[in-house]
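Engineer: So here's structure_15.txt (compact mmCIF, C-alpha atoms and all ligand atoms).
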# COMPACT_ATOMS: atom_id res chain seq x y z
CA MET A 194 -144.20 145.27 124.26
CA GLU A 195 -146.91 147.83 123.57
CA LEU A 196 -146.85 146.90 119.91
CA PHE A 197 -147.16 143.21 120.81
CA LEU A 198 -150.22 143.89 123.03
CA LEU A 199 -151.79 146.02 120.31
CA SER A 200 -151.31 143.17 117.80
CA LEU A 201 -152.99 140.74 120.21
CA VAL A 202 -156.00 143.06 120.61
CA LEU A 203 -156.24 143.50 116.86
CA PHE A 204 -155.93 139.74 116.33
CA ALA A 205 -158.65 139.03 118.95
CA GLY A 206 -160.89 141.62 117.28
CA TYR A 207 -160.17 140.09 113.91
CA THR A 208 -161.09 136.55 114.97
CA ASN A 209 -164.47 137.83 116.27
CA MET A 210 -165.17 139.58 112.99
CA VAL A 211 -167.49 138.06 110.40
CA ALA A 212 -165.92 137.86 106.97
CA ALA A 213 -168.25 140.00 104.86
CA VAL A 214 -168.77 139.18 101.19
CA THR A 215 -170.49 141.77 99.05
CA ALA A 216 -172.19 140.88 95.77
CA PRO A 217 -171.02 142.58 92.58
CA THR A 218 -173.56 144.79 90.78
CA MET A 219 -175.17 144.67 87.34
CA GLN A 220 -176.31 147.73 85.38
CA LEU A 221 -180.05 147.92 84.76
CA ASN A 222 -181.52 149.35 81.52
CA ASP A 223 -182.18 152.67 83.31
CA GLY A 224 -178.52 153.04 84.33
CA ASN A 225 -179.02 152.09 88.01
CA LYS A 226 -176.92 149.33 89.52
CA ILE A 227 -178.37 146.26 91.22
CA PRO A 228 -176.47 143.81 93.47
CA ILE A 229 -176.63 140.41 91.75
CA LEU A 230 -177.81 138.49 94.82
CA ALA A 231 -180.65 139.49 97.15
CA LEU A 232 -181.90 138.33 100.53
CA GLY A 233 -185.34 136.71 100.18
CA THR A 234 -187.71 137.50 103.03
CA TYR A 235 -190.97 135.71 102.30
CA SER A 236 -192.49 134.19 105.46
CA GLY A 237 -190.07 135.87 107.88
CA THR A 238 -191.68 138.43 110.19
CA GLY A 239 -191.27 140.15 113.54
CA GLU A 240 -188.09 140.18 115.60
CA VAL A 241 -186.69 137.24 113.58
CA MET A 242 -186.84 139.33 110.41
CA ARG A 243 -185.31 142.37 112.11
CA GLN A 244 -182.42 140.22 113.38
CA THR A 245 -182.08 138.55 109.97
CA VAL A 246 -181.63 141.94 108.31
CA ASN A 247 -178.98 142.84 110.92
CA ARG A 248 -177.09 139.58 110.37
CA ALA A 249 -177.46 139.71 106.60
CA VAL A 250 -175.99 143.21 106.36
CA GLU A 251 -173.17 142.21 108.74
CA VAL A 252 -172.16 139.34 106.45
CA GLY A 253 -172.36 141.52 103.34
CA TYR A 254 -175.88 141.47 101.87
CA ARG A 255 -176.83 144.83 100.39
CA HIS A 256 -179.97 143.85 98.47
CA ILE A 257 -183.20 142.91 100.31
CA ASP A 258 -186.34 141.68 98.57
CA THR A 259 -189.71 142.20 100.24
CA ALA A 260 -193.33 142.89 99.25
CA ALA A 261 -196.45 144.48 100.72
CA LEU A 262 -197.88 140.94 100.65
CA TYR A 263 -195.19 139.57 103.02
CA GLN A 264 -196.37 141.84 105.88
CA ASN A 265 -192.79 142.27 107.03
CA GLU A 266 -191.86 145.68 105.59
CA ALA A 267 -192.03 147.28 109.06
CA ASP A 268 -189.74 144.58 110.56
CA ILE A 269 -187.29 144.97 107.68
CA GLY A 270 -187.46 148.74 108.14
CA LYS A 271 -186.43 148.31 111.80
CA GLY A 272 -183.50 146.13 110.69
CA ILE A 273 -182.44 148.76 108.14
CA ASP A 274 -182.65 151.47 110.78
CA ASP A 275 -180.48 149.33 113.12
CA VAL A 276 -177.69 148.75 110.58
CA ILE A 277 -177.62 152.41 109.56
CA LYS A 278 -177.55 153.55 113.21
CA LYS A 279 -174.76 151.05 113.95
CA GLY A 280 -172.79 152.67 111.13
CA LEU A 281 -172.49 149.41 109.18
CA VAL A 282 -173.91 151.00 106.02
CA LYS A 283 -175.48 154.18 104.69
CA ARG A 284 -178.88 154.17 103.00
CA GLY A 285 -177.13 154.58 99.64
CA ASP A 286 -175.22 151.32 100.15
CA LEU A 287 -178.46 149.34 100.32
CA PHE A 288 -180.73 148.21 97.49
CA ILE A 289 -184.30 147.68 98.69
CA THR A 290 -186.90 146.00 96.49
CA THR A 291 -190.60 145.87 97.33
CA LYS A 292 -193.76 145.04 95.39
CA LEU A 293 -197.25 146.34 94.63
CA TRP A 294 -199.96 143.83 95.56
CA ASN A 295 -202.72 142.77 93.16
CA ASP A 296 -205.50 144.75 94.87
CA LYS A 297 -203.81 148.11 94.12
CA HIS A 298 -203.51 147.93 90.33
CA ALA A 299 -205.63 150.97 89.43
CA ARG A 300 -203.35 153.75 88.15
CA ASP A 301 -204.22 156.12 90.99
CA GLN A 302 -203.66 153.43 93.65
CA VAL A 303 -200.01 152.75 92.76
CA VAL A 304 -198.28 155.81 94.26
CA PRO A 305 -200.37 155.72 97.49
CA ALA A 306 -199.59 151.98 97.87
CA LEU A 307 -195.88 152.69 97.45
CA ARG A 308 -196.08 155.54 99.98
CA GLU A 309 -197.62 153.07 102.46
CA SER A 310 -194.78 150.59 101.84
CA LEU A 311 -192.24 153.40 102.31
CA ALA A 312 -193.86 154.45 105.59
CA ARG A 313 -193.66 150.85 106.86
CA LEU A 314 -190.04 150.55 105.70
CA GLY A 315 -189.16 153.96 107.16
CA LEU A 316 -187.61 155.01 103.85
CA ASP A 317 -187.93 157.96 101.44
CA TYR A 318 -187.49 155.77 98.37
CA VAL A 319 -187.06 152.16 97.31
CA ASP A 320 -184.43 151.14 94.80
CA LEU A 321 -186.82 148.88 92.92
CA TYR A 322 -190.63 148.70 92.87
CA LEU A 323 -192.23 145.72 91.13
CA ILE A 324 -195.78 144.88 90.08
CA HIS A 325 -196.00 141.60 92.04
CA SER A 326 -198.17 139.86 89.44
CA PRO A 327 -200.03 140.75 86.24
CA ALA A 328 -203.29 139.56 87.86
CA SER A 329 -205.33 142.38 89.36
CA GLU A 330 -207.84 141.70 92.12
CA ASN A 331 -210.68 143.43 93.91
CA PRO A 332 -210.38 143.67 97.71
CA ASP A 333 -212.53 140.48 97.94
CA GLY A 334 -210.03 138.58 95.77
CA SER A 335 -212.23 138.47 92.65
CA PRO A 336 -210.53 139.42 89.33
CA ALA A 337 -210.47 143.19 88.69
CA ASN A 338 -209.35 142.99 85.03
CA ILE A 339 -207.29 146.18 85.18
CA ASP A 340 -205.05 146.57 82.13
CA ILE A 341 -201.38 146.21 83.05
CA LEU A 342 -200.69 149.33 80.95
CA GLU A 343 -202.82 151.34 83.40
CA THR A 344 -200.88 149.93 86.36
CA TRP A 345 -197.62 150.64 84.57
CA LYS A 346 -198.58 154.33 84.18
CA GLY A 347 -198.84 154.47 87.98
CA MET A 348 -195.43 152.81 88.25
CA GLU A 349 -193.95 155.44 85.90
CA GLU A 350 -195.41 158.16 88.14
CA ALA A 351 -193.71 156.52 91.14
CA LYS A 352 -190.37 156.66 89.36
CA GLN A 353 -190.89 160.23 88.17
CA LEU A 354 -191.65 161.28 91.77
CA GLY A 355 -188.36 159.69 92.89
CA LEU A 356 -190.18 157.26 95.20
CA ALA A 357 -188.73 154.30 93.26
CA LYS A 358 -185.34 154.58 91.56
CA SER A 359 -186.17 151.69 89.22
CA ILE A 360 -189.45 150.00 88.30
CA GLY A 361 -190.22 146.53 87.05
CA VAL A 362 -192.55 143.56 87.07
CA SER A 363 -192.80 140.07 88.52
CA ASN A 364 -194.41 136.89 87.17
CA PHE A 365 -194.92 138.50 83.73
CA ASP A 366 -194.64 136.47 80.50
CA VAL A 367 -192.83 137.65 77.35
CA GLU A 368 -195.96 139.08 75.70
CA GLN A 369 -196.90 141.11 78.78
CA VAL A 370 -193.40 142.59 79.06
CA LYS A 371 -193.28 143.37 75.31
CA ARG A 372 -196.69 145.04 75.52
CA ILE A 373 -195.38 147.40 78.22
CA ILE A 374 -192.20 148.11 76.28
CA ASP A 375 -194.15 148.87 73.07
CA ASN A 376 -196.68 151.16 74.75
CA SER A 377 -194.87 153.02 77.53
CA GLN A 378 -192.29 155.71 78.19
CA ILE A 379 -190.21 153.62 80.60
CA LYS A 380 -189.15 150.00 80.07
CA PRO A 381 -189.41 147.55 82.98
CA ALA A 382 -185.89 147.26 84.43
CA VAL A 383 -186.52 143.81 85.99
CA ASN A 384 -188.83 140.80 85.71
CA GLN A 385 -188.74 138.73 88.92
CA ILE A 386 -189.71 135.13 88.11
CA GLU A 387 -189.31 131.60 89.50
CA VAL A 388 -186.09 130.03 88.18
CA HIS A 389 -184.24 126.98 89.50
CA ALA A 390 -182.79 123.68 88.34
CA THR A 391 -186.12 121.89 87.84
CA TYR A 392 -187.74 125.02 86.35
CA THR A 393 -185.02 126.62 84.24
CA GLN A 394 -187.45 128.84 82.27
CA GLU A 395 -184.86 129.11 79.53
CA PRO A 396 -187.14 130.71 76.85
CA LEU A 397 -188.44 133.36 79.28
CA VAL A 398 -185.00 134.10 80.77
CA SER A 399 -183.33 134.50 77.36
CA ALA A 400 -186.23 136.57 75.98
CA MET A 401 -185.89 138.97 78.95
CA GLN A 402 -182.14 139.17 78.51
CA LYS A 403 -182.58 139.98 74.77
CA LEU A 404 -185.05 142.73 75.72
CA GLY A 405 -182.56 144.16 78.23
CA VAL A 406 -184.78 143.29 81.21
CA ALA A 407 -182.83 141.86 84.17
CA VAL A 408 -184.15 138.60 85.66
CA MET A 409 -184.41 138.12 89.42
CA ALA A 410 -184.68 134.39 90.18
CA TYR A 411 -187.04 133.56 93.04
CA SER A 412 -187.29 130.25 94.93
CA PRO A 413 -183.71 129.65 93.68
CA PHE A 414 -183.27 126.37 95.57
CA GLY A 415 -186.33 124.79 93.94
CA PHE A 416 -186.81 121.26 95.30
CA LEU A 417 -183.29 121.19 96.75
CA VAL A 418 -185.00 122.24 99.97
CA ASN A 419 -188.05 120.57 101.49
CA ARG A 420 -191.24 121.95 99.94
CA GLY A 421 -193.40 119.52 101.87
CA GLU A 422 -193.61 116.99 99.02
CA SER A 423 -192.87 113.29 99.43
CA SER A 424 -191.98 112.79 95.73
CA ALA A 425 -190.06 115.97 94.90
CA PRO A 426 -188.14 115.90 91.59
CA PRO A 427 -184.32 115.99 91.67
CA PRO A 428 -181.97 117.58 92.47
CA GLN A 429 -181.94 117.39 96.28
CA THR A 430 -178.99 118.53 98.44
CA ASP A 431 -177.28 115.11 98.27
CA ASP A 432 -177.64 114.76 94.50
CA PRO A 433 -174.50 112.98 93.18
CA ILE A 434 -174.07 115.24 90.12
CA LEU A 435 -174.32 118.42 92.20
CA THR A 436 -172.16 116.91 94.95
CA LYS A 437 -169.38 116.21 92.46
CA ILE A 438 -169.44 119.81 91.20
CA ALA A 439 -169.61 121.11 94.80
CA GLN A 440 -166.58 119.03 95.82
CA LYS A 441 -164.57 120.37 92.88
CA TYR A 442 -165.02 123.94 94.15
CA GLY A 443 -165.07 123.20 97.90
CA LYS A 444 -168.66 124.48 98.13
CA SER A 445 -172.05 123.10 99.22
CA THR A 446 -174.71 122.03 96.72
CA PRO A 447 -176.96 125.05 97.56
CA GLN A 448 -173.97 127.31 96.80
CA VAL A 449 -173.51 125.54 93.44
CA ILE A 450 -177.17 126.20 92.60
CA LEU A 451 -176.84 129.91 93.45
CA ARG A 452 -173.71 130.14 91.31
CA TYR A 453 -175.51 128.33 88.47
CA LEU A 454 -178.20 131.04 88.52
CA ILE A 455 -175.57 133.81 88.60
CA ASP A 456 -173.68 132.18 85.72
CA ARG A 457 -176.94 132.22 83.73
CA GLY A 458 -176.99 135.99 84.25
CA THR A 459 -179.90 135.97 86.72
CA ILE A 460 -180.08 137.49 90.21
CA PRO A 461 -180.94 134.79 92.77
CA ILE A 462 -182.96 135.68 95.90
CA PRO A 463 -182.12 133.00 98.49
CA LYS A 464 -184.20 133.25 101.67
CA SER A 465 -182.74 132.22 104.99
CA THR A 466 -183.19 133.34 108.57
CA ASN A 467 -180.38 131.05 109.74
CA LYS A 468 -177.05 132.71 110.57
CA ASP A 469 -174.80 130.07 108.97
CA ARG A 470 -176.92 129.60 105.87
CA LEU A 471 -177.15 133.38 105.38
CA GLN A 472 -173.38 133.53 105.29
CA GLN A 473 -173.08 130.44 103.09
CA ASN A 474 -175.56 131.80 100.53
CA ILE A 475 -173.62 134.99 99.86
CA ASN A 476 -170.27 133.25 99.75
CA VAL A 477 -170.56 132.44 96.03
CA PHE A 478 -168.36 135.04 94.38
CA ASP A 479 -164.99 133.28 94.54
CA PHE A 480 -165.78 130.60 91.93
CA SER A 481 -167.80 130.13 88.76
CA LEU A 482 -169.12 127.14 86.85
CA THR A 483 -167.98 126.11 83.39
CA PRO A 484 -170.54 126.34 80.55
CA GLU A 485 -170.59 122.51 80.58
CA GLU A 486 -171.50 122.47 84.30
CA VAL A 487 -174.28 125.01 83.67
CA ALA A 488 -175.55 122.78 80.81
CA THR A 489 -175.41 119.71 83.10
CA ILE A 490 -177.54 121.45 85.74
CA ASN A 491 -179.98 122.64 83.02
CA LYS A 492 -180.68 118.96 82.31
CA PHE A 493 -182.59 118.69 85.64
CA ASP A 494 -185.30 120.82 84.03
CA VAL A 495 -188.74 119.18 84.09
CA ASN A 496 -190.60 122.49 83.76
CA ARG A 497 -191.89 122.06 87.31
CA SER A 498 -192.68 125.04 89.53
CA VAL A 499 -192.52 124.63 93.31
CA PHE A 500 -195.96 126.27 93.41
CA SER A 501 -197.80 123.80 91.11
N1 LIG B 601 -192.18 137.53 93.14
C1 LIG B 601 -192.77 136.44 93.61
O1 LIG B 601 -193.92 136.11 93.25
C2 LIG B 601 -192.03 135.58 94.59
C3 LIG B 601 -192.50 134.28 94.88
C4 LIG B 601 -191.77 133.49 95.77
C5 LIG B 601 -190.60 133.99 96.36
N2 LIG B 601 -190.19 135.27 96.09
C6 LIG B 601 -188.95 135.83 96.73
O2 LIG B 601 -187.90 134.87 96.58
C7 LIG B 601 -187.41 134.52 97.88
C8 LIG B 601 -186.88 133.10 97.90
O3 LIG B 601 -187.85 132.17 97.56
P1 LIG B 601 -188.37 131.06 98.59
O4 LIG B 601 -188.44 131.69 99.93
O5 LIG B 601 -189.61 130.50 97.98
O6 LIG B 601 -187.31 129.89 98.50
P2 LIG B 601 -185.73 129.61 98.56
O7 LIG B 601 -184.94 130.82 98.87
O8 LIG B 601 -185.45 128.86 97.30
O9 LIG B 601 -185.67 128.56 99.76
C9 LIG B 601 -185.82 128.96 101.08
C10 LIG B 601 -185.69 127.73 101.97
O10 LIG B 601 -184.37 127.19 101.85
C11 LIG B 601 -183.76 127.08 103.14
N3 LIG B 601 -182.34 127.39 102.92
C12 LIG B 601 -181.79 128.59 102.68
N4 LIG B 601 -180.48 128.50 102.47
C13 LIG B 601 -180.16 127.18 102.55
C14 LIG B 601 -178.94 126.47 102.45
N5 LIG B 601 -177.78 127.07 102.18
N6 LIG B 601 -178.98 125.12 102.65
C15 LIG B 601 -180.14 124.48 102.93
N7 LIG B 601 -181.34 125.12 103.04
C16 LIG B 601 -181.34 126.48 102.86
C17 LIG B 601 -184.49 128.07 104.01
O11 LIG B 601 -184.50 127.68 105.35
P3 LIG B 601 -183.77 128.57 106.52
O12 LIG B 601 -184.45 129.92 106.53
O13 LIG B 601 -184.03 127.76 107.75
O14 LIG B 601 -182.32 128.63 106.15
C18 LIG B 601 -185.91 128.01 103.44
O15 LIG B 601 -186.61 126.90 103.97
C19 LIG B 601 -188.61 134.78 98.80
O16 LIG B 601 -188.22 134.82 100.15
C20 LIG B 601 -189.11 136.07 98.22
O17 LIG B 601 -188.30 137.15 98.66
C21 LIG B 601 -190.87 136.05 95.19
Can I see the file as structure tokens?
Structural biologist:
Amino acid sequence: MELFLLSLVLFAGYTNMVAAVTAPTMQLNDGNKIPILALGTYSGTGEVMRQTVNRAVEVGYRHIDTAALYQNEADIGKGIDDVIKKGLVKRGDLFITTKLWNDKHARDQVVPALRESLARLGLDYVDLYLIHSPASENPDGSPANIDILETWKGMEEAKQLGLAKSIGVSNFDVEQVKRIIDNSQIKPAVNQIEVHATYTQEPLVSAMQKLGVAVMAYSPFGFLVNRGESSAPPPQTDDPILTKIAQKYGKSTPQVILRYLIDRGTIPIPKSTNKDRLQQNINVFDFSLTPEEVATINKFDVNRSVFS
């Protein structure tokens, strides 16, 4: 009888549990490991962001992407503190990425800017620190024309101080990345760029992969989600080609798009603050697309950014 009651309690506990799915990791060129899917956080702030971090970690996310620009590092930091205090994870289980904004590109501004991000996040180190963009700006937004090699020296100092385990760039082209590699001590570990079905960025993605620089794919859903355009290019969520692939695997079309990016060797950063979509977006590690399916999705490419 006692055993029967115990089983019932365990079963009831089990049915309330969220099935957590954790992303596999990829080795970066500096030897550190990065989870191959990250939670995007742009435009989420306040209590919503704190709760999103709690829910995301509960369902298995271990990699969170933020930036000084997003003004949500403090909210994310509260979420991280919650999940550690709840005993869901230890700091070492998480991979936190943040970014240096354009108005802090002078070499001696980099480490202080990272220390400010760390204070907001409530952390001693980030796992990955990125130069958000190659374009430097003065505080008034006018171009500052600071050489990216100068900024990179500041990034190297951040890594040497242990404040960032890995360092990288975002929105850099091939020439800019090669210039850093040819003139610096430490290679960028990552280039975070926009990649999705209508903007496959094949030459840039393969050039990075040949250079050993991991690609994080931002805005992974492209025009699959509403970007406020009446004449958005395909694919949308009900696209017949994507729907057919999704039905084959018992997945949704957004899940197919995330898997497509993973099967191209990139690290997608889907953003959601919705409980169900958060869970859906990480549930992409029990299937993979064939090379033919990847090639089919590549055909949606019209070289069209969601930001142009
Ligand atoms: N380095 C850079 O310059 C840069 C630039 C842009 C973005 N990023 C990073 O990349 C992240 C993602 O990019 P993004 O925010 O532009 O776009 P995204 O992740 O491609 O799309 C986010 C949108 O899709 C919706 N969504 C999420 N999951 C869905 C699903 N399964 N089905 C249907 N709709 C879904 C979200 O709404 P709900 O929240 O309601 O689910 C939200 O409206 C950013 O948050 C940021 O971390 C970096």
Engineer: Figure out the distance between atom N1 of ligand LIG 601 (chain B) and atom CA of Ala328 of chain A, please, to one decimal in Å.
Structural biologist: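 Separation of atom CA of Ala328 of chain A and atom N1 of ligand LIG 601 (chain B): 12.5 Å.
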Engineer: How would you report the residues lying within 7 Å of ligand LIG 601 (chain B), as a PDB file with C-alpha atoms, in the frame of the given file, if you count all atoms listed in the file?
Structural biologist:
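What ended up in pocket38.pdb:
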ATOM      1  CA  LEU A 232    -181.900 138.330 100.530  1.00  0.00           C
ATOM      2  CA  GLY A 233    -185.340 136.710 100.180  1.00  0.00           C
ATOM      3  CA  THR A 234    -187.710 137.500 103.030  1.00  0.00           C
ATOM      4  CA  TYR A 235    -190.970 135.710 102.300  1.00  0.00           C
ATOM      5  CA  SER A 236    -192.490 134.190 105.460  1.00  0.00           C
ATOM      6  CA  ASP A 258    -186.340 141.680  98.570  1.00  0.00           C
ATOM      7  CA  THR A 259    -189.710 142.200 100.240  1.00  0.00           C
ATOM      8  CA  HIS A 325    -196.000 141.600  92.040  1.00  0.00           C
ATOM      9  CA  SER A 326    -198.170 139.860  89.440  1.00  0.00           C
ATOM     10  CA  SER A 363    -192.800 140.070  88.520  1.00  0.00           C
ATOM     11  CA  ASN A 364    -194.410 136.890  87.170  1.00  0.00           C
ATOM     12  CA  GLN A 385    -188.740 138.730  88.920  1.00  0.00           C
ATOM     13  CA  ILE A 386    -189.710 135.130  88.110  1.00  0.00           C
ATOM     14  CA  GLU A 387    -189.310 131.600  89.500  1.00  0.00           C
ATOM     15  CA  TYR A 411    -187.040 133.560  93.040  1.00  0.00           C
ATOM     16  CA  SER A 412    -187.290 130.250  94.930  1.00  0.00           C
ATOM     17  CA  PRO A 413    -183.710 129.650  93.680  1.00  0.00           C
ATOM     18  CA  PHE A 414    -183.270 126.370  95.570  1.00  0.00           C
ATOM     19  CA  GLY A 415    -186.330 124.790  93.940  1.00  0.00           C
ATOM     20  CA  VAL A 418    -185.000 122.240  99.970  1.00  0.00           C
ATOM     21  CA  ASN A 419    -188.050 120.570 101.490  1.00  0.00           C
ATOM     22  CA  PRO A 447    -176.960 125.050  97.560  1.00  0.00           C
ATOM     23  CA  GLN A 448    -173.970 127.310  96.800  1.00  0.00           C
ATOM     24  CA  ILE A 462    -182.960 135.680  95.900  1.00  0.00           C
ATOM     25  CA  PRO A 463    -182.120 133.000  98.490  1.00  0.00           C
ATOM     26  CA  LYS A 464    -184.200 133.250 101.670  1.00  0.00           C
ATOM     27  CA  SER A 465    -182.740 132.220 104.990  1.00  0.00           C
ATOM     28  CA  THR A 466    -183.190 133.340 108.570  1.00  0.00           C
ATOM     29  CA  ASN A 467    -180.380 131.050 109.740  1.00  0.00           C
ATOM     30  CA  ARG A 470    -176.920 129.600 105.870  1.00  0.00           C
ATOM     31  CA  LEU A 471    -177.150 133.380 105.380  1.00  0.00           C
ATOM     32  CA  GLN A 473    -173.080 130.440 103.090  1.00  0.00           C
ATOM     33  CA  ASN A 474    -175.560 131.800 100.530  1.00  0.00           C
TER      34      ASN A 474
END
Engineer: Could you tell me how far atom CA of Ala390 of chain A sits from atom CA of Asp432 of chain A, in Å to one decimal place?
Structural biologist: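 Interatomic distance here is 12.0 Å.
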Engineer: Rank A:Val388, A:Met242, A:Ala267, A:Ala212 by their smallest atom-to-atom distance to Glu309 of chain A, using only C-alpha atoms, and report the top residue only.
Structural biologist: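 That would be A:Ala267, the residue with the smallest distance to Glu309 of chain A.
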Engineer: I need the residue nearest Asp286 of chain A from this list: A:Gln302, A:Leu307, A:Gly253, A:Lys271. Use all atoms listed in the file for the distance.
Structural biologist: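 Of A:Gln302, A:Leu307, A:Gly253, A:Lys271, the one nearest Asp286 of chain A is A:Gly253, counting all atoms listed in the file.
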Engineer: Tell me which of A:Asp494, A:Asp469, A:Asp479, A:Glu266 sits closest to Val252 of chain A, counting all atoms listed in the file.
Structural biologist: A:Asp469
Engineer: Between atom CA of Val250 of chain A and atom CA of Arg313 of chain A, what is the distance, to one decimal in Å?
Structural biologist: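 One can read the atom CA of Val250 of chain A to atom CA of Arg313 of chain A distance as 19.3 Å.
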Engineer: Using all atoms listed in the file, which of the listed residues (A:Gly347, A:Val214, A:Leu262, A:Gln472) sits closest to Pro305 of chain A?
Structural biologist: A:Gly347
Engineer: Which residue gives the smallest distance to Met401 of chain A among A:Tyr442, A:Asn222, A:Ile269, A:Ser501, with only C-alpha atoms counted?
Structural biologist: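 Among A:Tyr442, A:Asn222, A:Ile269, A:Ser501, it is A:Asn222 that comes nearest to Met401 of chain A.
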Engineer: Do a neighbour search on Asp320 of chain A at 9 Å with all atoms listed in the file, toss out local chain neighbours closer than 4 positions, and write the hits as a list of chain:residue names.
Structural biologist: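 So, after excluding close chain neighbours, the residues are A:Asn225, A:Ile227, A:Leu287, A:Phe288, A:Ile289, A:Thr290, A:Thr291, A:Leu356, A:Ala357, A:Lys358, A:Ser359, A:Ile360.
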Engineer: Write out as a PyMOL selection string which residues come within 10 Å of Gln402 of chain A when counting all atoms listed in the file, dropping same-chain ones fewer than 3 positions away.
Structural biologist: chain A and resi 383-384+396-399+405-408+458-459
Engineer: Here is a test: counting only C-alpha atoms, which residue of A:Val319, A:Ala312, A:Val449, A:Ile438 is nearest to Ile475 of chain A?
Structural biologist: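 Nearest to Ile475 of chain A: A:Val449.
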